[in-house]
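Asker: CSV, C-alpha atoms, saved as entry_16.csv, coming up:
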```csv
chain,number,residue,atom,x,y,z
A,1,MET,CA,-263.7,23.7,-281.7
A,2,LYS,CA,-265.5,21.1,-283.8
A,3,THR,CA,-264.5,20.3,-287.3
A,4,LEU,CA,-267.0,20.6,-290.1
A,5,ASP,CA,-267.2,16.8,-290.2
A,6,ALA,CA,-267.9,16.6,-286.5
A,7,LEU,CA,-270.6,19.3,-286.8
A,8,VAL,CA,-272.3,17.4,-289.6
A,9,LEU,CA,-272.1,14.1,-287.7
A,10,ASP,CA,-273.4,15.8,-284.6
A,11,ARG,CA,-276.4,17.1,-286.6
A,12,LEU,CA,-277.1,13.7,-288.2
A,13,LEU,CA,-276.8,11.8,-284.9
A,14,ASP,CA,-279.0,14.1,-282.9
A,15,PRO,CA,-282.1,12.0,-283.5
A,16,LEU,CA,-280.2,8.9,-282.3
A,17,GLY,CA,-279.1,10.7,-279.2
A,18,ARG,CA,-282.7,11.5,-278.4
A,19,ILE,CA,-283.8,7.9,-278.4
A,20,LEU,CA,-281.1,6.7,-276.0
A,21,THR,CA,-282.3,5.3,-272.7
A,22,PRO,CA,-280.2,5.9,-269.6
A,23,GLU,CA,-279.2,2.2,-269.4
A,24,ARG,CA,-278.0,2.2,-273.0
A,25,ALA,CA,-276.3,5.6,-272.5
A,26,LYS,CA,-274.3,4.2,-269.6
A,27,LYS,CA,-273.1,1.3,-271.8
A,28,LEU,CA,-272.2,3.7,-274.7
A,29,VAL,CA,-270.2,5.9,-272.4
A,30,LYS,CA,-268.1,2.9,-271.3
A,31,LEU,CA,-267.5,1.7,-274.9
A,32,ARG,CA,-263.8,1.3,-275.6
A,33,PHE,CA,-261.7,-0.3,-278.4
A,34,ASP,CA,-260.2,-3.7,-277.7
A,35,ALA,CA,-256.5,-3.9,-277.1
A,36,LYS,CA,-255.7,-5.1,-280.6
A,37,ALA,CA,-257.6,-2.2,-282.3
A,38,GLN,CA,-256.1,0.3,-279.9
A,39,ALA,CA,-252.5,-1.0,-280.6
A,40,ARG,CA,-253.1,-0.6,-284.4
A,41,ILE,CA,-254.5,2.9,-284.0
A,42,ASP,CA,-251.4,3.8,-281.9
A,43,GLN,CA,-249.1,2.3,-284.5
A,44,LEU,CA,-250.7,4.2,-287.3
A,45,ALA,CA,-250.7,7.4,-285.3
A,46,ARG,CA,-247.0,7.1,-284.7
A,47,LYS,CA,-246.3,6.4,-288.4
A,48,CYS,CA,-248.6,9.3,-289.4
A,49,ASN,CA,-246.7,11.7,-287.0
A,50,GLU,CA,-243.5,10.5,-288.6
A,51,GLY,CA,-244.8,10.9,-292.2
A,52,GLU,CA,-244.4,7.2,-292.9
A,53,LEU,CA,-247.9,6.0,-293.8
A,54,SER,CA,-248.5,4.2,-297.0
A,55,ASP,CA,-251.6,5.1,-299.0
A,56,ASP,CA,-253.4,2.1,-297.6
A,57,GLU,CA,-252.4,2.8,-294.1
A,58,ARG,CA,-253.5,6.5,-294.5
A,59,ARG,CA,-257.0,5.3,-295.6
A,60,GLU,CA,-257.1,2.8,-292.7
A,61,TYR,CA,-256.0,5.5,-290.2
A,62,GLU,CA,-258.6,8.0,-291.6
A,63,THR,CA,-261.3,5.3,-291.2
A,64,TYR,CA,-260.3,4.9,-287.5
A,65,VAL,CA,-260.3,8.7,-287.0
A,66,HIS,CA,-263.8,9.0,-288.5
A,67,ALA,CA,-265.1,6.1,-286.4
A,68,ILE,CA,-263.6,7.6,-283.3
A,69,ASP,CA,-265.3,11.0,-284.1
A,70,PHE,CA,-268.6,9.1,-284.6
A,71,ILE,CA,-268.3,7.3,-281.3
A,72,ALA,CA,-267.2,10.4,-279.5
A,73,ILE,CA,-270.2,12.3,-280.6
A,74,LEU,CA,-272.5,9.5,-279.6
A,75,GLN,CA,-270.8,9.3,-276.2
A,76,ALA,CA,-271.2,13.1,-275.7
A,77,LYS,CA,-274.9,12.7,-276.4
A,78,ALA,CA,-275.1,9.8,-273.9
A,79,ARG,CA,-273.3,11.9,-271.3
A,80,ALA,CA,-275.7,14.7,-271.8
A,81,LEU,CA,-278.6,12.4,-271.4
A,82,LEU,CA,-277.2,11.0,-268.2
A,83,LYS,CA,-276.5,14.4,-266.8
A,84,GLN,CA,-280.0,15.5,-267.7
A,85,SER,CA,-281.5,12.4,-266.2
A,86,ALA,CA,-279.5,12.9,-263.0
A,87,MET,CA,-280.7,16.5,-262.7
A,88,SER,CA,-284.3,15.5,-263.3
A,89,TYR,CA,-284.0,12.8,-260.6
A,90,ARG,CA,-282.7,15.3,-258.1
A,91,ARG,CA,-285.8,17.5,-258.5
```
Here is the file; what I need is its structure written in the form of structure tokens.
Answerer:
Amino acid sequence: MKTLDALVLDRLLDPLGRILTPERAKKLVKLRFDAKAQARIDQLARKCNEGELSDDERREYETYVHAIDFIAILQAKARALLKQSAMSYRR
């Protein structure tokens, strides 16, 4: 189930999803954080689970979470476009 934030982002990003080309959609689906960013996210997630985040770390972690939600919605739109393109190609 999507959170209210994710629903709002999904609605706002819908026009962007409609202008993706299959080539750009493929690149977007493959998008990943670099190792340093992923390590930091993992570190903050562990501290969050242990209740040990400072206020600054909590804000940083929330920023990562919002960015991840944003990217995940764009990637979902990209996957939908690629699926639709593949189905159209088969016809």
Asker: Nearest to Asp42 (chain A): which of A:Val65, A:Thr3, A:Arg79, A:Pro22 is it, counting only C-alpha atoms?
Answerer: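 Between A:Val65, A:Thr3, A:Arg79, A:Pro22, the residue approaching Asp42 (chain A) most closely is A:Val65.
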Asker: Looking at only C-alpha atoms, which of A:Arg59, A:Val29, A:Ile19, A:Asp5 is the one that sits closest to Ala76 (chain A)?
Answerer: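 Ranked by minimum distance to Ala76 (chain A), first place goes to A:Val29.
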Asker: So how far away is CA of Ala45 (chain A) from CA of Tyr61 (chain A), in Å?
Answerer: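 Separation between CA of Tyr61 (chain A) and CA of Ala45 (chain A): 7.5 Å.
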Asker: Work out how far CA of Leu28 (chain A) is from CA of Ala86 (chain A), in Å to one decimal.
Answerer: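 According to the coordinates, CA of Ala86 (chain A) and CA of Leu28 (chain A) are separated by 16.6 Å.
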Asker: From the options A:Cys48, A:Glu23, A:Phe33, A:Lys77, which residue's atoms come nearest to Glu62 (chain A), counting only C-alpha atoms?
Answerer: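 Closest to Glu62 (chain A) of all the choices is A:Cys48.
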Asker: Compile the contact shell of region 8-17 of chain A as a PyMOL selection string: residues with an atom at most 7 Å away, counting only C-alpha atoms, same-chain residues fewer than 5 positions apart removed.
Answerer: chain A and resi 70+73-74+77-78
Asker: Based on the selection just made, write C-alpha atoms of those residues as a PDB file, in the frame of the given file.
Answerer:
```pdb
ATOM      1  CA  PHE A  70    -268.600   9.100-284.600  1.00  0.00           C
ATOM      2  CA  ILE A  73    -270.200  12.300-280.600  1.00  0.00           C
ATOM      3  CA  LEU A  74    -272.500   9.500-279.600  1.00  0.00           C
ATOM      4  CA  LYS A  77    -274.900  12.700-276.400  1.00  0.00           C
ATOM      5  CA  ALA A  78    -275.100   9.800-273.900  1.00  0.00           C
TER       6      ALA A  78
END
```
Asker: Find the distance between CA of Leu7 (chain A) and CA of Arg40 (chain A) and write it in Å to one decimal.
Answerer: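 Spanning CA of Leu7 (chain A) to CA of Arg40 (chain A) is a straight-line distance of 26.6 Å.
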